[in-house]
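Visitor: Once you've had a glance at the structure underneath, I'll fire off some questions.
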Amino acid sequence: MSRRPLIAANWKMHGTVASVQAYLEALVERVAGSGPEVVVCPPFTLLPAAVLIATGSEVAIGAQNCHWEDAGAFTGEVAPAMLAELGVRWVIAGHSERRQYFGESDATAGARARAAQRAGLDVIFCVGETLEQREAGETLAVLERQSTAIDGLDPAHLALAYEPIWAIGTGKTATATQAQEAHAALRRRAGEMLGESASAGLRILYGGSVKPDNAAQLLGERDVDGALVGGASLDAEGFWAIIHAAPGERRGAEE
Ligand code: PGA
């Protein structure tokens, strides 16, 4: 069992058709099949342009959210099958900004993830504690509760992302030791939820102010299998430097 590093860009609500085209044209030239797996998640409106450029390359395209139903009266929502039809391969579920600003709960995040997998999409499922929870010593309990939502998901089409909320967009990064502690706890929890062998192969990404100058240290930790990168992913050179910082070799789960 081995875990190929996965580096994902979360553009959030940024970008234009022209910018995603220029960015991906440069990226697909550079990304080769032997290094980390690379996923770019621009806003919904940019997905068709992104897929057009990335198709046939080693870069996969992801969406930042999807609904839990296949169709219906859900104004403003996008069904997973609609994303799959476009050629989108991944979707982010349960991002803390969805939880914080749009009422996302563990239950709805889990439902979105299950619907995404039913439509054939791979899921990056996000968990992470607030600063108050960390200071109150509740981090591991929060992660355990949030990861209950991965119950029933297919581990072969899942990655977890540990994103401490206090580190997102703040310039404050978790230390490598803090990240490793949380990732190890999440892997134990995934073992309970999904089985030991699935958990050994599950990629757990770190997210929260990942930058070219801190990526290598974070990605060097035993249970840090990749990164979910927000702000620093908007700059093509910066994102490439983060991809480059990931261990090129597939990491053996038993190492
Ligand atoms: P950041 O965002 O890299 O800008 O902190 C990460 C994320 O929210 O996924």
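A note on labels: chains of the structure tokens are A, B, ... as shown, every chain counts residues from 1, and ligands are counted from 1 in their shown order.
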For ligand 1, return the neighbouring residues as a JSON list (two decimals) with N, CA and C atoms, in the first residue's frame (distance at most 8 Å; only C-alpha atoms and all ligand atoms).

Guide:
```
[["chain", "number", "residue", "atom", "x", "y", "z"],
["A", 9, "ALA", "N", -5.32, 22.71, -5.60],
["A", 9, "ALA", "CA", -5.48, 24.17, -5.55],
["A", 9, "ALA", "C", -6.95, 24.48, -5.34],
["A", 10, "ASN", "N", -7.25, 25.25, -4.32],
["A", 10, "ASN", "CA", -8.61, 25.72, -4.08],
["A", 10, "ASN", "C", -8.64, 27.22, -4.39],
["A", 12, "LYS", "N", -11.11, 29.14, -4.52],
["A", 12, "LYS", "CA", -12.21, 29.87, -3.85],
["A", 12, "LYS", "C", -12.92, 30.76, -4.88],
["A", 95, "HIS", "N", -15.79, 22.14, 3.28],
["A", 95, "HIS", "CA", -14.78, 23.18, 3.54],
["A", 95, "HIS", "C", -15.26, 24.08, 4.68],
["A", 96, "SER", "N", -14.32, 24.54, 5.48],
["A", 96, "SER", "CA", -14.71, 25.34, 6.67],
["A", 96, "SER", "C", -15.43, 26.63, 6.29],
["A", 97, "GLU", "N", -15.14, 27.18, 5.10],
["A", 97, "GLU", "CA", -15.87, 28.40, 4.71],
["A", 97, "GLU", "C", -17.32, 28.07, 4.40],
["A", 163, "GLU", "N", -7.68, 20.98, 7.91],
["A", 163, "GLU", "CA", -7.52, 22.42, 7.71],
["A", 163, "GLU", "C", -7.91, 23.16, 8.98],
["A", 167, "ALA", "N", -5.74, 28.67, 10.72],
["A", 167, "ALA", "CA", -4.59, 28.78, 9.80],
["A", 167, "ALA", "C", -5.02, 29.15, 8.38],
["A", 168, "ILE", "N", -6.33, 29.16, 8.12],
["A", 168, "ILE", "CA", -6.80, 29.38, 6.74],
["A", 168, "ILE", "C", -6.82, 30.87, 6.41],
["A", 169, "GLY", "N", -6.03, 31.24, 5.42],
["A", 169, "GLY", "CA", -6.02, 32.61, 4.94],
["A", 169, "GLY", "C", -5.47, 33.60, 5.96],
["A", 170, "THR", "N", -4.83, 33.12, 7.01],
["A", 170, "THR", "CA", -4.37, 34.00, 8.08],
["A", 170, "THR", "C", -2.86, 34.21, 8.04],
["A", 171, "GLY", "N", -2.18, 33.38, 7.26],
["A", 171, "GLY", "CA", -0.72, 33.43, 7.26],
["A", 171, "GLY", "C", -0.12, 32.65, 8.43],
["A", 207, "GLY", "N", -4.12, 21.68, 4.98],
["A", 207, "GLY", "CA", -4.47, 22.97, 4.37],
["A", 207, "GLY", "C", -4.49, 24.06, 5.42],
["A", 208, "GLY", "N", -4.07, 25.25, 5.04],
["A", 208, "GLY", "CA", -4.04, 26.39, 5.96],
["A", 208, "GLY", "C", -2.73, 27.12, 5.79],
["A", 209, "SER", "N", -2.74, 28.15, 4.90],
["A", 209, "SER", "CA", -1.56, 28.98, 4.67],
["A", 209, "SER", "C", -0.34, 28.18, 4.22],
["A", 210, "VAL", "N", -0.57, 27.16, 3.41],
["A", 210, "VAL", "CA", 0.57, 26.46, 2.79],
["A", 210, "VAL", "C", 1.18, 27.40, 1.75],
["A", 211, "LYS", "N", 2.51, 27.51, 1.79],
["A", 211, "LYS", "CA", 3.22, 28.41, 0.88],
["A", 211, "LYS", "C", 4.48, 27.70, 0.38],
["A", 228, "LEU", "N", -3.86, 21.09, 0.51],
["A", 228, "LEU", "CA", -4.96, 21.80, -0.11],
["A", 228, "LEU", "C", -4.60, 23.28, 0.04],
["A", 229, "VAL", "N", -4.33, 23.92, -1.09],
["A", 229, "VAL", "CA", -3.71, 25.24, -1.07],
["A", 229, "VAL", "C", -4.69, 26.28, -1.57],
["A", 230, "GLY", "N", -4.96, 27.30, -0.76],
["A", 230, "GLY", "CA", -5.85, 28.37, -1.16],
["A", 230, "GLY", "C", -5.07, 29.51, -1.80],
["A", 231, "GLY", "N", -4.84, 30.56, -1.01],
["A", 231, "GLY", "CA", -4.23, 31.79, -1.52],
["A", 231, "GLY", "C", -3.00, 31.58, -2.39],
["A", 232, "ALA", "N", -2.08, 30.74, -1.92],
["A", 232, "ALA", "CA", -0.81, 30.57, -2.65],
["A", 232, "ALA", "C", -1.00, 29.81, -3.96],
["A", 233, "SER", "N", -2.17, 29.18, -4.16],
["A", 233, "SER", "CA", -2.37, 28.44, -5.40],
["A", 233, "SER", "C", -2.78, 29.35, -6.55]]
```

Visitor: Counting only C-alpha atoms, what is within 9 Å of Thr16 of chain A, bar same-chain residues fewer than 5 positions away, as a list in words?

Guide: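 That gives Gln21, Thr45 and Leu46 of chain A.
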
Visitor: Please save all heavy atoms of the selected residues as an mmCIF file, in the first residue's frame.

Guide:
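As written to disk, out-v2.cif reads:
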```cif
data_model
loop_
_atom_site.group_PDB
_atom_site.id
_atom_site.type_symbol
_atom_site.label_atom_id
_atom_site.label_comp_id
_atom_site.auth_asym_id
_atom_site.auth_seq_id
_atom_site.Cartn_x
_atom_site.Cartn_y
_atom_site.Cartn_z
ATOM 1 N N GLN A 21 -7.259 29.729 -18.053
ATOM 2 C CA GLN A 21 -6.645 29.171 -19.262
ATOM 3 C C GLN A 21 -5.125 29.329 -19.227
ATOM 4 O O GLN A 21 -4.384 28.371 -19.445
ATOM 5 C CB GLN A 21 -7.217 29.852 -20.515
ATOM 6 C CG GLN A 21 -8.615 29.353 -20.844
ATOM 7 C CD GLN A 21 -9.304 30.163 -21.936
ATOM 8 O OE1 GLN A 21 -8.990 31.337 -22.148
ATOM 9 N NE2 GLN A 21 -10.241 29.535 -22.616
ATOM 10 N N THR A 45 -18.034 28.481 -12.702
ATOM 11 C CA THR A 45 -18.134 29.070 -14.045
ATOM 12 C C THR A 45 -16.883 28.821 -14.883
ATOM 13 O O THR A 45 -16.933 28.908 -16.106
ATOM 14 C CB THR A 45 -18.343 30.593 -13.969
ATOM 15 O OG1 THR A 45 -17.291 31.127 -13.153
ATOM 16 C CG2 THR A 45 -19.699 30.936 -13.379
ATOM 17 N N LEU A 46 -15.759 28.530 -14.224
ATOM 18 C CA LEU A 46 -14.508 28.328 -14.952
ATOM 19 C C LEU A 46 -14.250 26.859 -15.269
ATOM 20 O O LEU A 46 -13.268 26.521 -15.937
ATOM 21 C CB LEU A 46 -13.335 28.904 -14.155
ATOM 22 C CG LEU A 46 -13.493 30.365 -13.729
ATOM 23 C CD1 LEU A 46 -12.222 30.859 -13.042
ATOM 24 C CD2 LEU A 46 -13.830 31.258 -14.911
#
```

Visitor: I need the strand (DSSP E or B) residues of segment 11-190 of chain A per DSSP on the backbone, written as a list in words.

Guide: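 Of segment 11-190 of chain A, only Glu37, Val38, Val39, Val40, Cys41, Val59, Ala60, Ile61, Gly62, Ala63, Trp90, Val91, Ile92, Ala93, Asp122, Val123, Ile124, Phe125, Cys126, Val127, Leu158, Ala159, Leu160, Ala161 and Tyr162 of chain A fall in strand (DSSP E or B).
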
Visitor: As a ChimeraX atom specification, please: every residue in segment 70-231 of chain A that a backbone DSSP assignment puts in helix (DSSP H, G or I).

Guide: /A:80-86,96-101,106-118,131-135,139-150,155-157,165-167,176-194,196-201,212-219,231

Visitor: Check the smallest atom-to-atom distance from each of A:Gln217, A:Ser105, A:Gln117, A:Thr175 to Glu69 of chain A using only C-alpha atoms, then report the winner.

Guide: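 Looking only at the distances to Glu69 of chain A, the closest residue turns out to be A:Gln117.
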
Visitor: Could you make a table, as CSV, of the residues of segment 40-94 of chain A that have an atom within 6 Å of an atom of segment 122-145 of chain A, each with its nearest atom pair and distance in Å to one decimal, counting only C-alpha atoms, in chain and number order?

Guide:
```
residue,atom,partner,partner_atom,distance
A:Trp90,CA,A:Asp122,CA,4.6
A:Val91,CA,A:Val123,CA,5.1
A:Ile92,CA,A:Ile124,CA,4.7
A:Ala93,CA,A:Phe125,CA,4.9
A:Gly94,CA,A:Cys126,CA,5.2
```

Visitor: Any idea what the distance is between atom CA of Gln100 of chain A and atom CA of Ala156 of chain A?

Guide: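 Taking atom CA of Gln100 of chain A and atom CA of Ala156 of chain A, their separation equals 28.3 Å.
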
Visitor: Nearest to Ala22 of chain A: which of A:Ser34, A:Ile53, A:Phe102, A:Leu121 is it, counting only C-alpha atoms?

Guide: A:Ile53

Visitor: Work out how far atom CA of Tyr206 of chain A is from atom CA of Leu218 of chain A, in Å to one decimal.

Guide: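 Going from atom CA of Leu218 of chain A over to atom CA of Tyr206 of chain A, I get 7.8 Å.
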
Visitor: Pick out the residues sitting within 6 Å of segment 79-83 of chain A, and hand them over as a PyMOL selection string; count only C-alpha atoms, and ignore anything fewer than 4 positions along from it in its own chain.

Guide: chain A and resi 66-67+70+88+116+119

Visitor: Generate the output file for the selected residues, all heavy atoms, as an mmCIF file, in the first residue's frame.

Guide:
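File produced: part-v5.cif:
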```cif
data_model
loop_
_atom_site.group_PDB
_atom_site.id
_atom_site.type_symbol
_atom_site.label_atom_id
_atom_site.label_comp_id
_atom_site.auth_asym_id
_atom_site.auth_seq_id
_atom_site.Cartn_x
_atom_site.Cartn_y
_atom_site.Cartn_z
ATOM 1 N N CYS A 66 -20.796 20.566 -4.129
ATOM 2 C CA CYS A 66 -21.874 20.029 -4.965
ATOM 3 C C CYS A 66 -23.051 19.719 -4.059
ATOM 4 O O CYS A 66 -22.905 19.650 -2.835
ATOM 5 C CB CYS A 66 -21.435 18.761 -5.709
ATOM 6 S SG CYS A 66 -21.178 17.343 -4.639
ATOM 7 N N HIS A 67 -24.220 19.541 -4.652
ATOM 8 C CA HIS A 67 -25.410 19.227 -3.854
ATOM 9 C C HIS A 67 -25.487 17.728 -3.565
ATOM 10 O O HIS A 67 -24.723 16.954 -4.129
ATOM 11 C CB HIS A 67 -26.680 19.709 -4.584
ATOM 12 C CG HIS A 67 -27.842 19.816 -3.661
ATOM 13 N ND1 HIS A 67 -28.873 18.917 -3.665
ATOM 14 C CD2 HIS A 67 -28.105 20.708 -2.684
ATOM 15 C CE1 HIS A 67 -29.751 19.253 -2.719
ATOM 16 N NE2 HIS A 67 -29.300 20.339 -2.110
ATOM 17 N N ASP A 70 -29.508 14.391 -6.881
ATOM 18 C CA ASP A 70 -29.101 14.266 -8.285
ATOM 19 C C ASP A 70 -29.740 15.336 -9.164
ATOM 20 O O ASP A 70 -29.229 15.669 -10.235
ATOM 21 C CB ASP A 70 -29.473 12.876 -8.817
ATOM 22 C CG ASP A 70 -28.732 11.787 -8.046
ATOM 23 O OD1 ASP A 70 -27.641 12.092 -7.511
ATOM 24 O OD2 ASP A 70 -29.240 10.665 -7.945
ATOM 25 N N VAL A 88 -15.361 16.952 -14.860
ATOM 26 C CA VAL A 88 -14.766 17.242 -13.546
ATOM 27 C C VAL A 88 -14.542 15.917 -12.832
ATOM 28 O O VAL A 88 -15.363 15.011 -12.926
ATOM 29 C CB VAL A 88 -15.729 18.150 -12.735
ATOM 30 C CG1 VAL A 88 -15.307 18.258 -11.279
ATOM 31 C CG2 VAL A 88 -15.796 19.524 -13.384
ATOM 32 N N ALA A 116 -21.502 12.833 -4.363
ATOM 33 C CA ALA A 116 -20.404 13.020 -5.320
ATOM 34 C C ALA A 116 -19.837 11.666 -5.741
ATOM 35 O O ALA A 116 -19.626 11.406 -6.928
ATOM 36 C CB ALA A 116 -19.316 13.893 -4.697
ATOM 37 N N ALA A 119 -21.897 9.774 -8.137
ATOM 38 C CA ALA A 119 -21.791 10.294 -9.513
ATOM 39 C C ALA A 119 -20.421 9.996 -10.122
ATOM 40 O O ALA A 119 -20.137 10.434 -11.242
ATOM 41 C CB ALA A 119 -22.058 11.794 -9.510
#
```

Visitor: Hey, which of A:Ala111, A:Ile165, A:Ala26, A:Leu186 ends up closest to Leu153 of chain A? Count only C-alpha atoms.

Guide: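 Checking each candidate against Leu153 of chain A, we get A:Ala111 as the closest.
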
Visitor: Would you please work out which residue, of A:His183, A:Arg30, A:Arg189, A:His244, is nearest to Asp223 of chain A when using only C-alpha atoms?

Guide: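 The answer is A:His183, which sits nearest to Asp223 of chain A.
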
Visitor: Which distance in Å separates atom CA of Gly103 of chain A and atom CA of Asn65 of chain A, to one decimal?

Guide: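 Going from atom CA of Gly103 of chain A over to atom CA of Asn65 of chain A, I get 13.2 Å.
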